[in-house]
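Below is one structure, written out as structure tokens; comments come after it.
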Amino acid sequence: MIHSLFLINCSGDIFLEKHWKSVVSQSVCDYFFEAQEKAADVENVPPVISTPHHYLISIYRDKLFFVSVIQTEVPPLFVIEFLHRVADTFQDYFGECSEAAIKDNVVIVYELLEEMLDNGFPLATESNILKELIKPPTILRSVVNSITGSSNVGDTLPTGQLSNIPWRRAGVKYTNNEAYFDVVEEIDAIIDKSGSTVFAEIQGVIDACIKLSGMPDLSLSFMNPRLLDDVSFHPCIRFKRWESERVLSFIPPDGNFRLISYRVSSQNLVAIPVYVKHSISFKENSSCGRFDITIGPKQNMGKTIEGITVTVHMPKVVLNMNLTPTQGSYTFDPVTKVQPLQIKSTNMGCGENYTTKAPKS
Amino acid sequence: MTDSKYFTTTKKGEIFELKAELNSDKKEKKKEAVKKVIASMTVGKDVSALFPDVVNCMQTDNLELKKLVYLYLMNYAKSQPDMAIMAVNTFVKDCEDPNPLIRALAVRTMGCIRVDKITEYLCEPLRKCLKDEDPYVRKTAAVCVAKLHDINAQLVEDQGFLDTLKDLISDSNPMVVANAVAALSEIAESHPSSNLLDLNPQSINKLLTALNECTEWGQIFILDCLANYTPKDDREAQSICERVTPRLSHANSAVVLSAVKVLMKFMEMLSKDLDYYGTLLKKLAPPLVTLLSAEPELQYVALRNINLIVQKRPEILKHEMKVFFVKYNDPIYVKLEKLDIMIRLASQANIAQVLAELKEYATEVDVDFVRKAVRAIGRCAIKVEQSAERCVSTLLDLIQTKVNYVVQEAIVVIKDIFRKYPNKYESVIATLCENLDSLDEPEARAAMIWIVGEYAERIDNADELLESFLEGFHDESTQVQLQLLTAIVKLFLKKPTETQELVQQVLSLATQDSDNPDLRDRGYIYWRLLSTDPVAAKEVVLAEKPLISEETDLIEPTLLDELICYIGTLASVYHKPPSAFVEGGRGVVHKSLPPRTASSESTESPETAPAGAPPGEQPDVIPAQGDLLGDLLNLDLGPPVSGPPLTTSSVQMGAVDLLGGGLDSLIGDNNFGAPPAAAVPARVGAPIGSGLSDLFDLTSGVGTLSGSYVAPKAVWLPAMKAKGLEISGTFTRQVGSISMDLQLTNKALQVMTDFAIQFNRNSFGLAPAAPLQVHAPLSPNQTVEISLPLNTVGSVMKMEPLNNLQVAVKNNIDVFYFSTLYPLHVLFVEDGKMDRQMFLATWKDIPNENEAQFQIRDCPLNAETASSKLQSSNIFTIAKRNVEGQDMLYQSLKLTNGIWVLAELRIQPGNPSFTDLELSLKCRAPEVSQHVYQAYETILKN
């Protein structure tokens, strides 16, 4: 099971360590640093590293490395999932998962980690339960605490902890009962040089924000549930009901959570809302070239397209570039060679195009 | 009001100031001080000096302060065991607190304090908490048992906590069940023999019920536990599968992958004709694809597992090729894995798409990725024959790009394509030759030289090309030098007239000016071949080469089956069995896929029971076992050990002197098997497995010198499967030592070096006694013979079949796995001769169920030759008698792990029409009988 956790920032400082079993020396991270050096790019550090006595499983989130140390055969996915859950919890508690936020709240972080894992076994990872055990820091509370001397640690057993619905706490009350659902879909597509689609799929999630009193039992039905190729559910969803009727029936957790994520991959169903055309030309005997890219909306059932960002990853040999966008603004980071172009306009009637002049080497 | 203030230090001694604050009267100040201490601890600062002051703060009703002190205690109790005792009272008191949260917190913290003295006090509170009315406390206590077991395993067993833990599996609360399973699994991992998780249909049912209701992490523990169960028939397997399938839609990818493991394993038991089998296959694909949309770290682990799954069951993902197309922002480790899977899924139907993709990848910027993409094109050509032509033309296009590393990779793979499809694509050679000058990597240069040599007759200026390489001969790497030598010899054999000078030049370079023994030897061989018999040289050098196939990079099937059982674990990420890398060599239980059994067959007929003799037949063999035998041997059964040794006239040849030696050692005390000769290091075998466990005793000494029967060498690892390395071998036993005689042949075109060998654990602990010593690098077509001494002090794990040995051989190219069966007689030790009385007593002592009978057919031997043949393999004849014209030989042998096997061999001499021998074997470990019988048969028939 999970032995220890080290939090490491981008410059390679270990700024937090937590051990659930015996103490493992920080020097174990040297193997990680070695792998990091080899990988050159922070995102390319392999997630599983073996050392003579331990295994290091790491994730990279928000410019931080979460490195866990394990000693026995443990499912790596279990560790990775857990680490992401830790990062999510920090995000949830402190609004951001950054070194500064963690250092500012180091005691809460420590208490949280202790609450989330016992002897390497996950204990409470549901945000609702954790918030009952350890109250998130707010300015008001810290003022109140300093006056009254009360603490931000709950002293009763979270009610949801042992019920069949561990994700919800009892006794929730709201004056305005409301529930919000956000449907977020992301199209992932590979388009070849000539503009035809090689591969396209939709990754969708439904995020919910539920503020309902008591124990609400909700159901949500789809116009055409057959579109969904594969679904991953929050544990609150009754699977049997979905299997038989294709209806999502559930008692929701309180607050924000991800209800389902789904995938649509039949290609003919995935309509890509924009088209992209490009051309690259190099001048003979010169180190300069010209790169044009044109983006425009496709037939899109009357909906407008907003907030387009184009990111171009330039190869390392590119030294500099001059851009002339017809719309929007651009930046170019000479270190990562990434060039995001933002197009702020809300209606894209005509084709956009912008030109890049890049010296070749 | 942030905690970062805790990190600021004052100029005065920090510890000193904290100490003062901790002893302050003000509660608030105390709490702040403890927080500062914790903050220092989080960054690895040593604040253990404050131990007594912090412990003083423990007696408080403020839960937050209590928690903070507990956090501190867990970290530092180990360094201050005496002081930690001060905390015990508070713990014990807290375990009785009315608030379940505090009870649980106390028992949880106590388990984390790894101090022996404290653990003694822990037992009573823990026992109470395991039976607590509140499930939250029970589930915490369950984990605490695992913690305690880690500190003091004996204590846990003595206190009976394991049984309480087992009872918790039937708890009404699913969370408690999940934690109990997790704790038991962890304990079982360190004690593989303890058989803690005794799974039966009832407990499985409970686990499946709990599965639906417990947390995601609990589901992982339960699914991993289910995967270790072997259903009794296909119906049970199907019903478990049906109940596990909903887990595939879980949001937690670890749950999904654990569920996939259970399904992949149990699917093995389902018949392929079943409708359900098809449904299940269809259900497996979408969740696997969904894993690929998760975070890159998860994707990586998922891809490593998918790699195994597509090798085992390619049908699951055969239509999902496109999801493995790489995305521009995938990390490199994900890209490389995707590429690997794309090749595995490549087939005639989708090859066009794959090639188009690979061609794009070859123009990427990342060098490693580009190289792998080019290699992948070559592998596609070898895998999908119909696509070969398209692959070759793609490769040619890539060569036209003139990007240096692309060209070099392309040439290396084109060489492989030539090996697979000879005389088909030689038209491209001209293009390759144009790029000769740009090659600077040894592998590419060697490949190009090979091509020039192999097709010398079609290349007009082959001699010029090779000559150009020859100029810098001494600066080349060995690989290139060897290749160049061979290529020029080939050229000479094809065009003898024009190239005589060239060949002489290279031969003298190789033999006279080179320090490399491989090169020199190969040079001499060619030289002599050419000067003595050019025709033979032609036959040898220009011999037809075996075709290469795509299978070389597949995982060996037995290993694959084992890895399928480990889906989702580290083993699946490394593609190695856990025994090969898990720290400490704690007994890892070997897992294998369950055999396919139909429920109709489970009511099996008695005939199928192996080695079970029909009871009625038994009295014929030895009527009234001990008595009759005793009489006929003229032995006085009365004083068994204290009496003088009796050597009787009825014992015939050979047996007499042997018996003398054996009996001598019996005088005085009844320890046998300790002759004066050098004793093999004694070993106490770890009790592993069920039947053998109590028999893993002390090993034997060495008595007589003998050489047992040696089987001819057999090919264990064909060159096709090991990138050109062929291994054949046999096992021998000589003068009390076992060795493995190996013959390594290099059938590849590159030199092999850095050989090493390793055995997987096996039933008798066979392990190499010395490293594999191959002194010189193994050049192409070279063969070496090595005798590898073995001992039996390696780790033990029961294998199926018993004499299965899994071997890993490494060289500079790769690691190869194969398994072989060793003849059991190499394990028969020299002091396997039992005293007669002992024999009688033992024969009677072993229950009749353990007796197995075999027939050795067509073996026309008389008693003398049989017994002398057997004796040379350490099977000792103790007595012989003649009953109704049949010779009965009573024999004993002992295995290296101290298992005695007693045998009765019935021979019918003088009856030419009846040449079968009958063998009955008795042994306390009946598993070995079958293999002992095989050993008898091999020895007697050779």
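Ordering of the structure tokens sets the chain letters (A, B, ...), residue numbers begin anew at 1 in every chain, and ligands are numbered from 1 in the order given.
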Neighbour list for segment 74-86 of chain A as a count of residues only, cut-off 7 Å, only C-alpha atoms, skip fewer than 4 positions in-chain: 11
Spatial neighbours of Lys545 of chain B, 12 Å, only C-alpha atoms, chain gap at least 6 places, as a list of chain:residue names: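 The residues satisfying every condition are B:Phe418, B:Arg419, B:Lys420, B:Tyr421, B:Pro422, B:Glu454, B:Glu539, B:Ala719, B:Met720, B:Gly724, B:Lys747, B:Ala748, B:Leu749, B:Asn781.
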Could you produce a table of the residues of chain A lying within 7 Å of chain B, with the nearest pair of atoms per residue and their separation in Å rounded to one decimal, using only C-alpha atoms, ordered by chain and increasing residue number, as CSV?
residue,atom,partner,partner_atom,distance
A:Phe15,CA,B:Val43,CA,5.5
A:Leu16,CA,B:Val43,CA,5.0
A:Glu17,CA,B:Thr42,CA,5.3
A:Lys18,CA,B:Thr42,CA,6.7
A:Lys21,CA,B:Cys112,CA,6.8
A:Glu43,CA,B:Pro331,CA,6.2
A:Asn44,CA,B:Pro331,CA,5.1
A:Pro46,CA,B:Tyr333,CA,6.5
A:Pro47,CA,B:Glu297,CA,5.6
A:His53,CA,B:Glu583,CA,6.3
A:Ile59,CA,B:Glu297,CA,6.4
A:Thr72,CA,B:Val582,CA,6.9
A:Glu73,CA,B:Leu570,CA,6.1
A:Val74,CA,B:Thr569,CA,5.9
A:Pro75,CA,B:Thr569,CA,4.1
A:Pro76,CA,B:Thr569,CA,6.0
A:Leu77,CA,B:Ala254,CA,4.9
A:Phe78,CA,B:Ala254,CA,5.0
A:Ile80,CA,B:Leu298,CA,6.7
A:Glu81,CA,B:Ala254,CA,7.0
A:Lys103,CA,B:Ser4,CA,5.6
A:Asp104,CA,B:Asp3,CA,4.5
A:Asn105,CA,B:Asp3,CA,5.1
A:Val106,CA,B:Asp3,CA,6.0
A:Val107,CA,B:Lys35,CA,6.5
A:Asn119,CA,B:Lys147,CA,6.9
A:Pro122,CA,B:Trp217,CA,6.6
A:Gly149,CA,B:Glu28,CA,6.9
A:Ser151,CA,B:Glu64,CA,6.3
A:Val153,CA,B:Glu64,CA,5.5
A:Asp155,CA,B:Leu63,CA,6.4
A:Thr156,CA,B:Leu101,CA,6.4
A:Leu157,CA,B:Leu101,CA,5.4
A:Leu162,CA,B:Tyr136,CA,6.6
A:Asn164,CA,B:Glu213,CA,6.3
A:Phe199,CA,B:Lys322,CA,6.3
A:Asp229,CA,B:Pro286,CA,6.9
A:Asp230,CA,B:Pro286,CA,5.5
A:Val231,CA,B:Ser249,CA,5.9
A:Ser232,CA,B:Ser249,CA,4.5
A:Phe233,CA,B:Ala251,CA,5.1
A:His234,CA,B:Ala251,CA,5.8
A:Phe239,CA,B:Pro246,CA,7.0
A:Pro315,CA,B:Val365,CA,6.5
Could the residues in this selection be saved with N, CA and C atoms as a short mmCIF file (atom, residue, chain, number, x, y, z; two decimals), in the first residue's frame?
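Contents of the output file result_15.cif:
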data_model
loop_
_atom_site.label_atom_id
_atom_site.label_comp_id
_atom_site.auth_asym_id
_atom_site.auth_seq_id
_atom_site.Cartn_x
_atom_site.Cartn_y
_atom_site.Cartn_z
N PHE A 15 8.90 20.03 -0.62
CA PHE A 15 8.39 20.97 0.38
C PHE A 15 7.37 20.35 1.32
N LEU A 16 7.04 19.08 1.11
CA LEU A 16 6.17 18.43 2.09
C LEU A 16 6.39 16.93 2.00
N GLU A 17 6.45 16.27 3.14
CA GLU A 17 6.52 14.82 3.11
C GLU A 17 5.58 14.26 4.15
N LYS A 18 5.00 13.12 3.83
CA LYS A 18 4.07 12.49 4.78
C LYS A 18 4.31 10.99 4.69
N LYS A 21 3.57 4.82 6.97
CA LYS A 21 4.15 3.68 7.70
C LYS A 21 5.46 4.19 8.28
N GLU A 43 6.67 17.18 -18.38
CA GLU A 43 5.51 16.34 -18.64
C GLU A 43 5.89 14.93 -19.08
N ASN A 44 7.15 14.74 -19.40
CA ASN A 44 7.55 13.44 -19.91
C ASN A 44 8.19 12.53 -18.87
N PRO A 46 8.40 9.62 -16.60
CA PRO A 46 7.59 8.40 -16.55
C PRO A 46 6.88 8.26 -15.20
N PRO A 47 5.62 7.85 -15.20
CA PRO A 47 4.85 7.81 -13.95
C PRO A 47 5.27 6.71 -12.99
N HIS A 53 14.85 -0.38 -3.75
CA HIS A 53 14.01 -0.90 -2.67
C HIS A 53 12.56 -0.44 -2.74
N ILE A 59 2.55 11.77 -10.17
CA ILE A 59 1.70 12.47 -11.12
C ILE A 59 2.20 13.91 -11.19
N THR A 72 5.44 -2.62 -1.83
CA THR A 72 4.96 -3.93 -2.24
C THR A 72 4.14 -3.78 -3.52
N GLU A 73 3.70 -4.89 -4.02
CA GLU A 73 2.89 -4.90 -5.23
C GLU A 73 1.55 -4.22 -4.96
N VAL A 74 1.35 -3.08 -5.56
CA VAL A 74 0.11 -2.31 -5.40
C VAL A 74 -0.35 -1.94 -6.79
N PRO A 75 -1.66 -1.98 -7.06
CA PRO A 75 -2.09 -1.54 -8.39
C PRO A 75 -1.68 -0.08 -8.62
N PRO A 76 -0.87 0.20 -9.63
CA PRO A 76 -0.42 1.58 -9.85
C PRO A 76 -1.59 2.53 -10.12
N LEU A 77 -2.61 2.04 -10.77
CA LEU A 77 -3.75 2.91 -11.06
C LEU A 77 -4.40 3.40 -9.78
N PHE A 78 -4.44 2.51 -8.81
CA PHE A 78 -5.00 2.84 -7.51
C PHE A 78 -4.23 4.01 -6.91
N ILE A 80 -2.28 6.18 -8.55
CA ILE A 80 -2.41 7.38 -9.37
C ILE A 80 -3.76 8.04 -9.14
N GLU A 81 -4.81 7.21 -9.11
CA GLU A 81 -6.14 7.75 -8.84
C GLU A 81 -6.16 8.47 -7.51
N LYS A 103 1.59 25.47 1.39
CA LYS A 103 2.43 25.95 2.49
C LYS A 103 1.62 26.82 3.46
N ASP A 104 0.68 27.59 2.88
CA ASP A 104 -0.13 28.44 3.74
C ASP A 104 -1.03 27.64 4.66
N ASN A 105 -1.36 26.45 4.23
CA ASN A 105 -2.32 25.65 5.00
C ASN A 105 -1.71 24.33 5.43
N VAL A 106 -0.45 24.36 5.75
CA VAL A 106 0.27 23.10 5.92
C VAL A 106 -0.36 22.20 6.97
N VAL A 107 -0.91 22.77 8.03
CA VAL A 107 -1.47 21.91 9.07
C VAL A 107 -2.74 21.23 8.58
N ASN A 119 -2.56 3.72 7.14
CA ASN A 119 -1.70 2.58 6.87
C ASN A 119 -1.64 2.27 5.38
N PRO A 122 -6.93 3.85 1.68
CA PRO A 122 -7.75 5.06 1.65
C PRO A 122 -8.87 4.97 2.68
N GLY A 149 -11.75 30.33 20.23
CA GLY A 149 -10.86 29.22 20.58
C GLY A 149 -11.34 27.88 20.06
N SER A 151 -12.04 25.03 17.10
CA SER A 151 -11.10 24.59 16.08
C SER A 151 -11.84 24.29 14.79
N VAL A 153 -11.68 21.46 13.36
CA VAL A 153 -11.77 20.01 13.23
C VAL A 153 -13.10 19.58 13.81
N ASP A 155 -15.82 17.33 15.54
CA ASP A 155 -15.60 16.33 16.58
C ASP A 155 -16.69 15.27 16.61
N THR A 156 -17.48 15.19 15.59
CA THR A 156 -18.42 14.07 15.53
C THR A 156 -18.15 13.26 14.28
N LEU A 157 -18.60 12.04 14.30
CA LEU A 157 -18.39 11.16 13.18
C LEU A 157 -19.23 11.63 12.00
N LEU A 162 -20.71 5.82 7.02
CA LEU A 162 -20.98 4.39 7.08
C LEU A 162 -22.29 4.01 6.45
N ASN A 164 -25.18 3.61 3.44
CA ASN A 164 -25.05 3.09 2.09
C ASN A 164 -24.83 4.19 1.08
N PHE A 199 -9.60 10.88 -37.13
CA PHE A 199 -10.18 10.30 -35.93
C PHE A 199 -10.86 11.41 -35.15
N ASP A 229 -21.33 5.99 -26.03
CA ASP A 229 -20.64 4.72 -26.25
C ASP A 229 -20.23 4.06 -24.95
N ASP A 230 -19.70 4.86 -24.07
CA ASP A 230 -19.27 4.28 -22.80
C ASP A 230 -19.45 5.34 -21.75
N VAL A 231 -19.91 4.92 -20.59
CA VAL A 231 -20.16 5.89 -19.53
C VAL A 231 -19.41 5.47 -18.27
N SER A 232 -18.95 6.43 -17.52
CA SER A 232 -18.38 6.16 -16.20
C SER A 232 -19.20 6.96 -15.21
N PHE A 233 -19.69 6.28 -14.20
CA PHE A 233 -20.64 6.92 -13.30
C PHE A 233 -20.03 7.29 -11.97
N HIS A 234 -20.57 8.31 -11.39
CA HIS A 234 -20.34 8.56 -9.97
C HIS A 234 -21.01 7.42 -9.21
N PHE A 239 -26.92 1.66 -11.09
CA PHE A 239 -26.51 1.07 -12.36
C PHE A 239 -27.61 0.24 -13.01
N PRO A 315 8.55 23.51 -33.66
CA PRO A 315 9.72 22.69 -33.32
C PRO A 315 10.81 23.56 -32.68
#
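Near segment 248-250 of chain A, within a cut-off of 8 Å and counting only C-alpha atoms, sit the residues Asp217, Leu218, Ser219, Leu220, Ser221, Cys236, Ile237, Arg238, Arg241 and Trp242 of chain A, with same-chain residues fewer than 3 positions away left out.
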